[in-house]
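Source file: input_22.cif. Holds: mmCIF, C-alpha atoms.
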data_input
loop_
_atom_site.label_atom_id
_atom_site.label_comp_id
_atom_site.auth_asym_id
_atom_site.auth_seq_id
_atom_site.Cartn_x
_atom_site.Cartn_y
_atom_site.Cartn_z
CA MET A 21 -28.67 34.53 60.52
CA GLN A 22 -28.03 31.36 58.61
CA SER A 23 -26.18 28.74 60.60
CA PRO A 24 -22.50 28.45 59.63
CA LEU A 25 -23.07 24.70 59.57
CA GLU A 26 -25.63 25.09 56.80
CA GLN A 27 -22.83 24.66 54.26
CA PHE A 28 -22.36 21.04 55.30
CA VAL A 29 -25.94 20.03 54.55
CA ILE A 30 -26.10 17.59 51.69
CA LYS A 31 -28.59 18.51 48.99
CA PRO A 32 -29.58 16.08 46.25
CA ILE A 33 -29.15 17.17 42.63
CA PHE A 34 -31.07 14.28 41.16
CA PRO A 35 -32.55 11.45 43.19
CA LEU A 36 -31.37 7.91 42.62
CA HIS A 37 -32.27 4.67 44.36
CA LEU A 38 -30.55 1.32 44.52
CA GLY A 39 -32.90 -1.14 46.12
CA GLN A 40 -33.82 0.28 49.48
CA TYR A 41 -30.81 2.62 49.53
CA ASP A 42 -30.95 6.28 48.61
CA ILE A 43 -27.91 6.90 46.44
CA SER A 44 -29.00 10.26 45.04
CA PHE A 45 -26.43 12.27 43.14
CA THR A 46 -25.82 15.12 45.58
CA GLN A 47 -23.60 18.19 45.52
CA SER A 48 -21.14 16.09 47.53
CA SER A 49 -21.08 13.53 44.70
CA LEU A 50 -20.75 16.33 42.17
CA TRP A 51 -17.59 17.64 43.83
CA MET A 52 -16.16 14.15 44.08
CA VAL A 53 -16.66 13.77 40.34
CA VAL A 54 -15.08 17.21 39.79
CA ALA A 55 -12.10 16.11 41.90
CA VAL A 56 -11.64 12.94 39.85
CA VAL A 57 -11.95 14.79 36.55
CA LEU A 58 -9.59 17.60 37.60
CA THR A 59 -7.01 15.18 38.99
CA THR A 60 -7.10 13.12 35.82
CA LEU A 61 -6.83 16.20 33.61
CA LEU A 62 -3.99 17.61 35.70
CA MET A 63 -2.04 14.37 35.74
CA THR A 64 -2.64 13.60 32.06
CA LEU A 65 -2.89 16.78 30.01
CA SER A 66 0.02 18.47 31.74
CA VAL A 67 2.46 15.68 30.87
CA ARG A 68 1.03 15.25 27.38
CA GLY A 69 4.09 16.91 25.85
CA ARG A 70 6.46 14.89 28.09
CA ALA A 71 8.64 17.98 28.06
CA LEU A 72 12.16 17.65 29.34
CA VAL A 73 11.91 21.10 30.84
CA PRO A 74 8.50 21.07 32.47
CA GLY A 75 6.05 23.91 32.08
CA ARG A 76 3.89 25.28 34.88
CA TRP A 77 1.27 22.54 34.92
CA GLN A 78 3.66 19.71 34.25
CA ASN A 79 5.72 20.96 37.16
CA ILE A 80 2.71 20.78 39.48
CA ALA A 81 1.86 17.27 38.28
CA GLU A 82 5.47 16.12 38.72
CA MET A 83 5.72 17.73 42.14
CA LEU A 84 2.58 15.94 43.35
CA TYR A 85 3.89 12.70 41.89
CA GLU A 86 7.26 13.07 43.51
CA VAL A 87 5.89 14.10 46.91
CA VAL A 88 3.77 10.95 47.14
CA PHE A 89 6.36 8.75 45.45
CA GLY A 90 8.94 9.99 47.96
CA LEU A 91 6.60 9.10 50.81
CA THR A 92 5.95 5.57 49.61
CA ARG A 93 9.63 5.00 48.95
CA GLU A 94 10.66 6.40 52.31
CA TYR A 95 8.23 4.29 54.32
CA LEU A 96 7.67 1.21 52.17
CA HIS A 97 10.95 1.08 50.21
CA GLU A 98 10.75 -1.20 47.17
CA GLU A 99 7.39 -2.50 48.34
CA GLY A 100 6.13 1.05 47.93
CA ARG A 101 5.87 0.78 44.14
CA LYS A 102 2.92 -1.57 44.54
CA TYR A 103 1.03 0.78 46.83
CA PHE A 104 2.00 4.04 45.15
CA PRO A 105 -1.05 4.40 42.83
CA PHE A 106 -3.33 3.70 45.79
CA VAL A 107 -1.62 6.19 48.11
CA PHE A 108 -1.52 8.73 45.29
CA SER A 109 -5.24 8.37 44.55
CA LEU A 110 -5.98 8.69 48.25
CA PHE A 111 -3.80 11.78 48.53
CA MET A 112 -5.37 13.39 45.48
CA ILE A 113 -8.98 12.72 46.42
CA VAL A 114 -8.36 14.18 49.88
CA LEU A 115 -6.32 17.12 48.56
CA MET A 116 -8.88 17.94 45.87
CA GLY A 117 -11.73 17.66 48.37
CA ASN A 118 -9.96 20.02 50.75
CA LEU A 119 -8.94 22.52 48.06
CA LEU A 120 -12.17 22.55 46.03
CA GLY A 121 -14.08 23.04 49.26
CA LEU A 122 -12.42 26.41 49.68
CA ILE A 123 -14.18 27.77 46.60
CA PRO A 124 -17.15 29.81 47.81
CA TYR A 125 -20.51 28.00 47.36
CA SER A 126 -18.75 24.71 46.68
CA PHE A 127 -18.95 21.70 48.96
CA THR A 128 -16.25 20.02 51.04
CA TYR A 129 -16.86 16.29 50.93
CA THR A 130 -13.84 15.70 53.19
CA SER A 131 -15.68 17.53 55.98
CA HIS A 132 -18.03 14.58 56.33
CA ILE A 133 -17.00 11.91 58.81
CA ILE A 134 -18.64 9.21 56.73
CA VAL A 135 -16.33 9.97 53.79
CA THR A 136 -13.10 10.31 55.78
CA GLY A 137 -14.19 7.39 57.96
CA ALA A 138 -14.76 5.18 54.92
CA LEU A 139 -11.34 6.10 53.50
CA ALA A 140 -9.64 5.57 56.87
CA LEU A 141 -11.40 2.24 57.46
CA PHE A 142 -10.43 1.13 53.98
CA VAL A 143 -6.76 1.99 54.67
CA PHE A 144 -6.95 0.33 58.07
CA GLY A 145 -8.62 -2.78 56.69
CA MET A 146 -6.19 -3.00 53.83
CA ALA A 147 -3.16 -2.61 56.10
CA THR A 148 -4.50 -5.27 58.47
CA LEU A 149 -5.23 -7.70 55.63
CA VAL A 150 -1.81 -7.10 54.08
CA GLY A 151 -0.23 -7.75 57.48
CA ILE A 152 -2.15 -10.97 58.07
CA TRP A 153 -1.57 -12.16 54.51
CA LYS A 154 2.17 -11.46 54.75
CA HIS A 155 2.88 -12.66 58.27
CA LYS A 156 -0.07 -15.01 58.97
CA LEU A 157 -0.56 -15.33 62.75
CA HIS A 158 2.78 -13.73 63.41
CA PHE A 159 1.10 -10.43 62.52
CA PHE A 160 -0.44 -10.30 66.00
CA SER A 161 3.02 -9.89 67.51
CA LEU A 162 2.40 -6.27 66.49
CA PHE A 163 0.51 -5.99 69.75
CA LEU A 164 3.38 -7.37 71.82
CA PRO A 165 6.45 -5.14 71.82
CA SER A 166 9.58 -7.25 72.24
CA GLY A 167 11.59 -7.25 75.46
CA LEU A 168 8.56 -6.69 77.65
CA PRO A 169 8.57 -7.96 81.27
CA MET A 170 6.01 -10.74 81.83
CA LEU A 171 4.17 -8.60 84.35
CA MET A 172 3.47 -5.88 81.80
CA ILE A 173 2.02 -8.16 79.12
CA PRO A 174 -1.62 -8.19 80.31
CA LEU A 175 -1.44 -4.42 80.60
CA ILE A 176 0.30 -3.60 77.35
CA ILE A 177 -1.59 -5.90 74.98
CA PRO A 178 -4.99 -4.25 75.49
CA ILE A 179 -3.35 -0.83 75.21
CA GLU A 180 -1.67 -1.81 71.96
CA ILE A 181 -4.89 -3.27 70.58
CA ILE A 182 -6.86 -0.16 71.53
CA SER A 183 -4.20 2.09 70.00
CA TYR A 184 -4.24 -0.01 66.83
CA LEU A 185 -8.02 0.05 66.58
CA SER A 186 -8.17 3.80 67.21
CA ARG A 187 -6.02 4.47 64.16
CA PRO A 188 -8.90 4.75 61.67
CA LEU A 189 -10.79 6.89 64.16
CA SER A 190 -7.98 9.39 64.63
CA LEU A 191 -7.20 9.34 60.89
CA SER A 192 -10.77 10.17 59.88
CA VAL A 193 -11.66 12.53 62.72
CA ARG A 194 -8.45 14.52 62.25
CA LEU A 195 -9.24 15.22 58.61
CA CYS A 196 -12.94 15.90 58.87
CA ALA A 197 -12.65 18.00 62.03
CA ASN A 198 -9.93 20.12 60.46
CA MET A 199 -11.99 20.69 57.33
CA MET A 200 -15.17 21.35 59.20
CA MET A 201 -13.70 23.81 61.66
CA GLY A 202 -11.78 25.67 59.00
CA HIS A 203 -14.82 26.12 56.82
CA THR A 204 -17.07 26.99 59.72
CA MET A 205 -14.65 29.67 60.81
CA LEU A 206 -14.39 31.12 57.30
CA LYS A 207 -18.15 31.14 56.99
CA LEU A 208 -18.66 32.73 60.42
CA ILE A 209 -16.22 35.54 59.78
CA ALA A 210 -17.51 36.08 56.24
CA ALA A 211 -21.05 36.28 57.56
CA PHE A 212 -19.94 38.72 60.24
CA CYS A 213 -18.23 40.80 57.57
CA ALA A 214 -21.35 40.75 55.37
CA SER A 215 -23.63 41.63 58.29
CA LEU A 216 -21.48 44.64 59.13
CA VAL A 217 -21.68 45.87 55.54
CA PHE A 218 -25.33 45.16 54.87
CA LEU A 219 -26.96 45.63 58.25
CA SER A 220 -25.43 48.82 59.54
CA VAL A 221 -24.36 51.59 57.21
CA GLY A 222 -22.17 53.19 59.85
CA LEU A 223 -20.03 50.09 60.26
CA LYS A 224 -19.18 49.60 56.58
CA LEU A 225 -15.53 50.45 57.13
CA VAL A 226 -15.19 48.28 60.21
CA GLY A 227 -16.10 45.36 57.94
CA ILE A 228 -12.62 45.59 56.48
CA ILE A 229 -11.17 44.05 59.63
CA PRO A 230 -12.96 40.67 59.40
CA PHE A 231 -12.40 40.80 55.65
CA VAL A 232 -8.62 41.02 56.15
CA VAL A 233 -8.74 38.34 58.82
CA ASN A 234 -10.70 36.08 56.49
CA THR A 235 -8.22 36.62 53.67
CA ALA A 236 -5.40 35.54 55.99
CA LEU A 237 -7.48 32.58 57.16
CA MET A 238 -8.02 31.56 53.56
CA GLY A 239 -4.27 31.30 53.12
CA LEU A 240 -4.03 29.26 56.30
CA GLU A 241 -6.83 27.00 55.10
CA LEU A 242 -5.03 26.42 51.80
CA LEU A 243 -2.01 25.31 53.80
CA ILE A 244 -4.13 23.10 56.05
CA ALA A 245 -5.83 21.58 52.99
CA PHE A 246 -2.45 20.46 51.72
CA ILE A 247 -1.06 19.44 55.11
CA GLN A 248 -4.09 17.32 55.94
CA ALA A 249 -3.91 15.48 52.62
CA TYR A 250 -0.18 14.95 53.23
CA VAL A 251 -0.78 13.71 56.77
CA PHE A 252 -3.41 11.32 55.46
CA ALA A 253 -0.94 9.95 52.92
CA ILE A 254 1.89 9.69 55.48
CA LEU A 255 -0.28 7.85 57.99
CA THR A 256 -1.46 5.49 55.27
CA CYS A 257 2.17 4.73 54.49
CA ILE A 258 3.00 4.25 58.19
CA TYR A 259 0.10 1.85 58.74
CA LEU A 260 1.10 -0.10 55.65
CA ARG A 261 4.71 -0.18 56.81
CA ASP A 262 3.71 -1.49 60.22
CA ALA A 263 1.75 -4.23 58.48
CA ILE A 264 4.56 -5.09 56.06
CA GLU A 265 7.52 -4.92 58.43
CA LEU A 266 5.87 -5.37 61.84
CA HIS A 267 8.18 -3.77 64.38
CA MET B 30 -3.47 18.48 64.93
CA LYS B 31 -2.30 15.63 67.13
CA HIS B 32 -5.43 15.85 69.23
CA PRO B 33 -8.32 16.42 66.86
CA ALA B 34 -10.68 16.06 69.81
CA PHE B 35 -10.01 19.62 70.93
CA LEU B 36 -11.43 20.83 67.64
CA PHE B 37 -14.81 19.60 68.78
CA ILE B 38 -14.89 22.16 71.57
CA PRO B 39 -15.62 25.05 69.15
CA ALA B 40 -17.96 22.66 67.35
CA GLY B 41 -19.86 22.19 70.58
CA ILE B 42 -20.06 25.94 71.09
CA LEU B 43 -21.43 26.32 67.57
CA LEU B 44 -23.94 23.58 68.12
CA SER B 45 -25.31 25.36 71.14
CA HIS B 46 -26.10 28.32 68.89
CA PRO B 47 -29.82 29.06 69.24
CA ALA B 48 -30.27 29.15 65.46
CA LEU B 49 -29.15 25.56 65.35
CA ALA B 50 -31.30 24.32 68.20
CA GLU B 51 -34.32 23.98 65.94
CA GLU B 52 -32.36 21.98 63.39
CA LYS B 53 -31.39 18.35 63.52
CA GLY B 54 -27.82 18.95 64.67
CA LEU B 55 -24.63 18.40 62.70
CA PRO B 56 -25.35 17.72 59.02
CA GLN B 57 -22.49 15.21 59.25
CA MET B 58 -24.60 13.08 61.56
CA ASP B 59 -27.55 12.83 59.16
CA THR B 60 -27.43 9.09 58.50
CA SER B 61 -29.89 9.31 55.62
CA THR B 62 -27.13 10.72 53.42
CA PHE B 63 -24.56 8.00 54.26
CA ALA B 64 -25.58 5.52 51.58
CA SER B 65 -25.31 8.11 48.83
CA GLN B 66 -21.97 9.44 50.07
CA LEU B 67 -20.47 5.97 50.43
CA PHE B 68 -21.73 4.91 47.02
CA TRP B 69 -20.35 7.94 45.21
CA LEU B 70 -17.10 7.85 47.15
CA PHE B 71 -16.67 4.23 46.11
CA VAL B 72 -17.45 5.03 42.46
CA CYS B 73 -15.19 8.10 42.37
CA PHE B 74 -12.30 6.55 44.26
CA THR B 75 -12.37 3.40 42.12
CA ALA B 76 -12.48 5.53 38.98
CA LEU B 77 -9.63 7.71 40.22
CA TYR B 78 -7.55 4.68 41.22
CA LEU B 79 -8.03 3.03 37.83
CA LEU B 80 -7.34 6.24 35.91
CA MET B 81 -4.24 6.97 37.95
CA SER B 82 -2.73 3.49 38.00
CA ARG B 83 -3.52 2.58 34.39
CA PHE B 84 -3.37 5.88 32.65
CA SER B 85 -1.88 8.97 34.28
CA LEU B 86 0.87 7.82 36.60
CA PRO B 87 2.72 5.70 34.01
CA ARG B 88 2.88 8.79 31.79
CA VAL B 89 4.32 10.95 34.55
CA ALA B 90 6.76 8.18 35.42
CA GLU B 91 7.78 7.93 31.76
CA THR B 92 8.45 11.67 31.62
CA LEU B 93 10.47 11.59 34.81
CA GLU B 94 12.48 8.59 33.64
CA LYS B 95 13.13 10.24 30.31
CA ARG B 96 14.46 13.32 32.09
CA LEU B 97 16.58 11.21 34.41
CA ALA B 98 18.04 9.30 31.45
CA GLN B 99 18.74 12.57 29.65
CA LYS B 100 20.40 13.95 32.76
CA GLU B 101 22.58 10.88 33.13
CA ASP B 102 23.50 11.02 29.45
CA THR B 103 24.47 14.65 29.75
CA LEU B 104 26.48 13.98 32.88
CA LYS B 105 28.24 11.07 31.18
CA GLN B 106 29.03 13.23 28.17
CA ALA B 107 30.33 15.96 30.46
CA GLY B 108 32.47 13.40 32.26
CA GLN B 109 33.88 12.21 28.95
CA TRP B 110 34.72 15.73 27.92
CA ASN B 111 36.28 16.31 31.28
CA ASP B 112 38.46 13.22 30.85
CA GLU B 113 39.45 14.36 27.39
CA ALA B 114 40.36 17.77 28.69
CA ALA B 115 42.43 16.20 31.45
CA LYS B 116 44.20 14.00 28.89
CA THR B 117 44.93 16.96 26.66
CA LYS B 118 46.29 18.84 29.64
CA THR B 119 48.59 15.95 30.57
CA GLU B 120 49.79 15.73 26.99
CA TYR B 121 50.38 19.44 26.90
CA GLU B 122 52.35 19.31 30.12
CA LYS B 123 54.40 16.38 28.81
CA SER B 124 55.27 18.19 25.60
CA LEU B 125 56.01 21.32 27.59
CA VAL B 126 58.51 19.43 29.75
CA LYS B 127 60.02 17.89 26.60
CA ALA B 128 60.34 21.27 24.93
CA GLN B 129 61.93 22.70 28.05
CA LYS B 130 64.48 19.87 28.06
CA THR B 131 65.28 20.38 24.37
CA ALA B 132 65.69 24.08 24.92
CA ALA B 133 67.97 23.51 27.91
CA ALA B 134 70.08 21.05 25.90
CA ALA B 135 70.38 23.51 22.98
CA ALA B 136 71.37 26.29 25.34
CA ALA B 137 73.98 24.08 26.99
CA ALA B 138 75.40 23.06 23.59
CA ALA B 139 75.59 26.67 22.47
CA GLU B 140 77.35 27.61 25.68
CA ARG B 141 79.80 24.78 25.28
CA SER B 142 80.69 25.68 21.71
CA MET B 143 80.98 29.33 22.73
CA SER B 144 83.32 28.61 25.62
CA GLY B 145 85.41 26.38 23.28
CA LYS B 146 85.81 29.21 20.87
CA ILE B 147 86.59 31.64 23.64
CA SER B 148 89.34 29.48 25.09
CA GLU B 149 90.69 28.90 21.57
CA GLU B 150 90.79 32.62 20.96
CA GLN B 151 92.37 33.20 24.33
CA ALA B 152 95.00 30.55 23.59
CA ARG B 153 95.76 32.12 20.25
CA PHE B 154 95.98 35.55 21.76
CA ALA B 155 98.29 34.28 24.47
CA ASP B 156 100.43 32.47 21.94
CA ASN B 157 100.60 35.49 19.74
CA SER B 158 101.57 37.80 22.52
CA ARG B 159 104.17 35.33 23.78
CA LYS B 160 105.71 35.19 20.32
CA ARG B 161 105.81 38.91 19.97
CA LEU B 162 107.22 39.23 23.46
CA ALA B 163 109.92 36.76 22.61
CA ALA B 164 110.79 38.64 19.39
CA ALA B 165 110.93 41.89 21.29
CA GLU B 166 113.16 40.34 23.94
CA GLN B 167 115.48 38.97 21.21
CA ASN B 168 115.70 42.41 19.63
CA ILE B 169 116.45 43.91 23.00
CA ALA B 170 119.14 41.29 23.65
CA LYS B 171 120.62 41.89 20.19
CA ALA B 172 120.64 45.64 20.74
CA LYS B 173 122.16 45.11 24.16
CA ALA B 174 124.86 42.83 22.71
CA GLU B 175 125.59 45.32 19.95
CA ALA B 176 125.72 48.08 22.48
CA LEU B 177 128.03 46.02 24.67
CA HIS B 178 130.14 45.13 21.65
CA SER B 179 130.54 48.73 20.63
CA LEU B 180 131.20 49.56 24.30
CA SER B 181 134.15 47.11 24.39
CA ASP B 182 135.45 48.64 21.12
CA ILE B 183 135.32 52.08 22.67
CA ALA B 184 136.92 50.71 25.83
CA ALA B 185 139.68 49.03 23.75
CA ASP B 186 140.32 52.30 21.85
CA ILE B 187 140.39 54.21 25.12
CA ALA B 188 142.68 51.56 26.70
CA ALA B 189 145.08 51.56 23.71
CA GLU B 190 145.27 55.36 23.74
CA MET B 191 145.73 55.36 27.52
CA VAL B 192 148.59 52.84 27.24
CA GLN B 193 150.27 54.94 24.47
CA LYS B 194 149.92 58.14 26.41
CA ILE B 195 151.02 56.70 29.74
CA ALA B 196 153.55 54.09 28.70
CA ASP B 197 154.17 55.26 25.17
CA VAL B 198 153.78 51.77 23.98
CA GLN B 199 152.19 51.14 20.69
CA ILE B 200 149.78 48.17 21.02
CA ASN B 201 147.65 46.91 18.30
CA LYS B 202 143.93 47.22 18.46
CA ALA B 203 143.17 43.48 18.58
CA ASP B 204 145.30 42.93 21.67
CA ALA B 205 143.71 45.88 23.40
CA LYS B 206 140.28 44.55 22.72
CA LYS B 207 141.21 41.14 23.99
CA ALA B 208 142.51 42.57 27.21
CA VAL B 209 139.38 44.72 27.68
CA THR B 210 137.05 41.81 27.06
CA THR B 211 138.95 39.70 29.59
CA ALA B 212 138.84 42.51 32.12
CA MET B 213 135.16 43.08 31.56
CA ARG B 214 134.52 39.41 32.00
CA GLU B 215 136.52 39.32 35.20
CA GLY B 216 135.04 42.64 36.43
#
What is this file in structure tokens?
Amino acid sequence: MQSPLEQFVIKPIFPLHLGQYDISFTQSSLWMVVAVVLTTLLMTLSVRGRALVPGRWQNIAEMLYEVVFGLTREYLHEEGRKYFPFVFSLFMIVLMGNLLGLIPYSFTYTSHIIVTGALALFVFGMATLVGIWKHKLHFFSLFLPSGLPMLMIPLIIPIEIISYLSRPLSLSVRLCANMMMGHTMLKLIAAFCASLVFLSVGLKLVGIIPFVVNTALMGLELLIAFIQAYVFAILTCIYLRDAIELH
Amino acid sequence: MKHPAFLFIPAGILLSHPALAEEKGLPQMDTSTFASQLFWLFVCFTALYLLMSRFSLPRVAETLEKRLAQKEDTLKQAGQWNDEAAKTKTEYEKSLVKAQKTAAAAAAAAERSMSGKISEEQARFADNSRKRLAAAEQNIAKAKAEALHSLSDIAADIAAEMVQKIADVQINKADAKKAVTTAMREG
């Protein structure tokens, strides 16, 4: 039996090198490009008519816009306008990665820790730089909650620093682990279903059970795909808010 | 979802799968693919960010703003119409009250003129009947006087005849009448 983790193996489509680095165009890259193209088409073609009463696609585009716009406004207030295109792009690239990955034989680039880690580190780095740029040295008061007894300070500061530094880790691991486990589970059950049908004639009908389970799981995975993208966007907003407002 | 670490437990179980033991381990940990993934993620994310911020999002925003403006316009128009309706209603109520007052005044005037006429008629009727009553009373008095007059004549005749029969004295009629009248007055 093929390993259910086989689906995460990256296969080059055409090799490419930049100096000593191997930057081959892989199926992972292909799906990233698909995500960018689809997002752009969705967000551009659907509002082409600028209809007052939106059609199906325009409604989807506006809903996505308003979900993310609502997030940035809720957490970052007026400041949110500046960060909205960034948070929206982040949300869409994660959402598209999660959703496109559910198509059989496609590839889920958000299941790779290097991708989610890079996005999370970028968010983390950006939030930290924004904080330092806005508040200069005062930014480090983020690690010192106000009204703390003197005795607690040596204890709390390392805890706060560790919790701050673990943010990109939890942000990236949460997303990639969710994607990976979901897809592995789908693949496992699908393979089980296929093996029942193809390997033993007598068990053909029993194969319906994992098939039904997998159908339900697919629905769950669709939900998780959206929720994870949403969580990623929310946490980005929260980290930015902490940097902008301190607390 | 709060503790993604627990998701690695099933991952560990999967990794201990004998089919996987021969392989390198998690494909995610294959560092030879990192450069390519990072490069293409950078390219795609930059492209997406530029497309979204420069191109797509302003269009969506424009559409949403247009709708919002239209909504506000419609609401304003509706508010105006509402105000107008309220004004018309007030005017209607005012004119209704005015009309009611006019009607009440007209009714009162009609009643007044009616009652004037009635009392006039009543006065005339009363006057008329008083006059007729008076005339009737006069007639009655006249008849009574005539009757009394003729009664004194008869009494004078009877008295004169009685005197002649009893005393055999001839008295003239005028004296007899005089005596009777005096007696009647005294009686």
Open item on the list: I want to know what sits within 12 Å of Leu185 in chain A, based on all atoms listed in the file, with residues of the same chain fewer than 4 positions away left out; could you give that as a PyMOL selection string?
Closed with: chain A and resi 140-141+144-145+147-148+163+178-181+189-191+259
Open item on the list: Once the PyMOL selection byres ((chain B) within 6 of (chain A)) has been evaluated on this model, what residues remain selected, and can you format them as number ranges by chain?
Closed with: B: 33, 56-57, 64-65, 69, 77-78, 82, 85, 92, 96
Mind dumping the selected residues with C-alpha atoms as a PDB file, in the frame of the given file?
ATOM      1  CA  PRO B  33      -8.320  16.420  66.860  1.00  0.00           C
ATOM      2  CA  PRO B  56     -25.350  17.720  59.020  1.00  0.00           C
ATOM      3  CA  GLN B  57     -22.490  15.210  59.250  1.00  0.00           C
ATOM      4  CA  ALA B  64     -25.580   5.520  51.580  1.00  0.00           C
ATOM      5  CA  SER B  65     -25.310   8.110  48.830  1.00  0.00           C
ATOM      6  CA  TRP B  69     -20.350   7.940  45.210  1.00  0.00           C
ATOM      7  CA  LEU B  77      -9.630   7.710  40.220  1.00  0.00           C
ATOM      8  CA  TYR B  78      -7.550   4.680  41.220  1.00  0.00           C
ATOM      9  CA  SER B  82      -2.730   3.490  38.000  1.00  0.00           C
ATOM     10  CA  SER B  85      -1.880   8.970  34.280  1.00  0.00           C
ATOM     11  CA  THR B  92       8.450  11.670  31.620  1.00  0.00           C
ATOM     12  CA  ARG B  96      14.460  13.320  32.090  1.00  0.00           C
TER      13      ARG B  96
END
Open item on the list: Could you tell me how far CA of Asn168 in chain B sits from CA of Arg214 in chain B, in Å to one decimal place?
Closed with: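 Separation of CA of Arg214 in chain B and CA of Asn168 in chain B: 22.7 Å.
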TODO: Mind giving me the straight-line distance from CA of Trp77 in chain A to CA of His97 in chain A in Å, one decimal?
DONE: 28.1 Å
TODO: Quote the spacing between CA of Val88 in chain A and CA of Phe111 in chain A in Å to one decimal place.
DONE: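 Answer for the CA of Val88 in chain A to CA of Phe111 in chain A separation: 7.7 Å.
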Task: Polymer residues at most 10 Å from Val233 in chain A, all atoms listed in the file, same-chain spacing of 5 or more positions, as number ranges by chain - done: A: 206, 209-210, 213, 228, 238
Kindly output range 43-56 of chain A as a PDB file, in the frame of the given file, after building N, CA and C atoms.
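Result file selection.pdb:
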ATOM      1  N   ILE A  43     -29.260   6.544  46.898  1.00  0.00           N
ATOM      2  CA  ILE A  43     -27.910   6.900  46.440  1.00  0.00           C
ATOM      3  C   ILE A  43     -27.966   8.103  45.513  1.00  0.00           C
ATOM      4  N   SER A  44     -28.827   9.052  45.853  1.00  0.00           N
ATOM      5  CA  SER A  44     -29.000  10.260  45.040  1.00  0.00           C
ATOM      6  C   SER A  44     -27.664  10.925  44.728  1.00  0.00           C
ATOM      7  N   PHE A  45     -27.612  11.477  43.525  1.00  0.00           N
ATOM      8  CA  PHE A  45     -26.430  12.270  43.140  1.00  0.00           C
ATOM      9  C   PHE A  45     -26.567  13.626  43.822  1.00  0.00           C
ATOM     10  N   THR A  46     -25.702  13.890  44.791  1.00  0.00           N
ATOM     11  CA  THR A  46     -25.820  15.120  45.580  1.00  0.00           C
ATOM     12  C   THR A  46     -24.703  16.089  45.192  1.00  0.00           C
ATOM     13  N   GLN A  47     -24.697  17.261  45.819  1.00  0.00           N
ATOM     14  CA  GLN A  47     -23.600  18.190  45.520  1.00  0.00           C
ATOM     15  C   GLN A  47     -22.282  17.617  46.035  1.00  0.00           C
ATOM     16  N   SER A  48     -22.347  16.779  47.059  1.00  0.00           N
ATOM     17  CA  SER A  48     -21.140  16.090  47.530  1.00  0.00           C
ATOM     18  C   SER A  48     -20.593  15.184  46.421  1.00  0.00           C
ATOM     19  N   SER A  49     -21.496  14.421  45.790  1.00  0.00           N
ATOM     20  CA  SER A  49     -21.080  13.530  44.700  1.00  0.00           C
ATOM     21  C   SER A  49     -20.517  14.341  43.542  1.00  0.00           C
ATOM     22  N   LEU A  50     -21.195  15.480  43.283  1.00  0.00           N
ATOM     23  CA  LEU A  50     -20.750  16.330  42.170  1.00  0.00           C
ATOM     24  C   LEU A  50     -19.294  16.752  42.375  1.00  0.00           C
ATOM     25  N   TRP A  51     -18.961  17.178  43.597  1.00  0.00           N
ATOM     26  CA  TRP A  51     -17.590  17.640  43.830  1.00  0.00           C
ATOM     27  C   TRP A  51     -16.584  16.500  43.831  1.00  0.00           C
ATOM     28  N   MET A  52     -17.054  15.314  44.199  1.00  0.00           N
ATOM     29  CA  MET A  52     -16.160  14.150  44.080  1.00  0.00           C
ATOM     30  C   MET A  52     -15.834  13.896  42.607  1.00  0.00           C
ATOM     31  N   VAL A  53     -16.872  13.989  41.777  1.00  0.00           N
ATOM     32  CA  VAL A  53     -16.660  13.770  40.340  1.00  0.00           C
ATOM     33  C   VAL A  53     -15.720  14.859  39.796  1.00  0.00           C
ATOM     34  N   VAL A  54     -15.953  16.111  40.218  1.00  0.00           N
ATOM     35  CA  VAL A  54     -15.080  17.210  39.790  1.00  0.00           C
ATOM     36  C   VAL A  54     -13.632  16.917  40.193  1.00  0.00           C
ATOM     37  N   ALA A  55     -13.458  16.417  41.422  1.00  0.00           N
ATOM     38  CA  ALA A  55     -12.100  16.110  41.900  1.00  0.00           C
ATOM     39  C   ALA A  55     -11.443  15.058  41.024  1.00  0.00           C
ATOM     40  N   VAL A  56     -12.202  14.018  40.683  1.00  0.00           N
ATOM     41  CA  VAL A  56     -11.640  12.940  39.850  1.00  0.00           C
ATOM     42  C   VAL A  56     -11.277  13.482  38.475  1.00  0.00           C
TER      43      VAL A  56
END
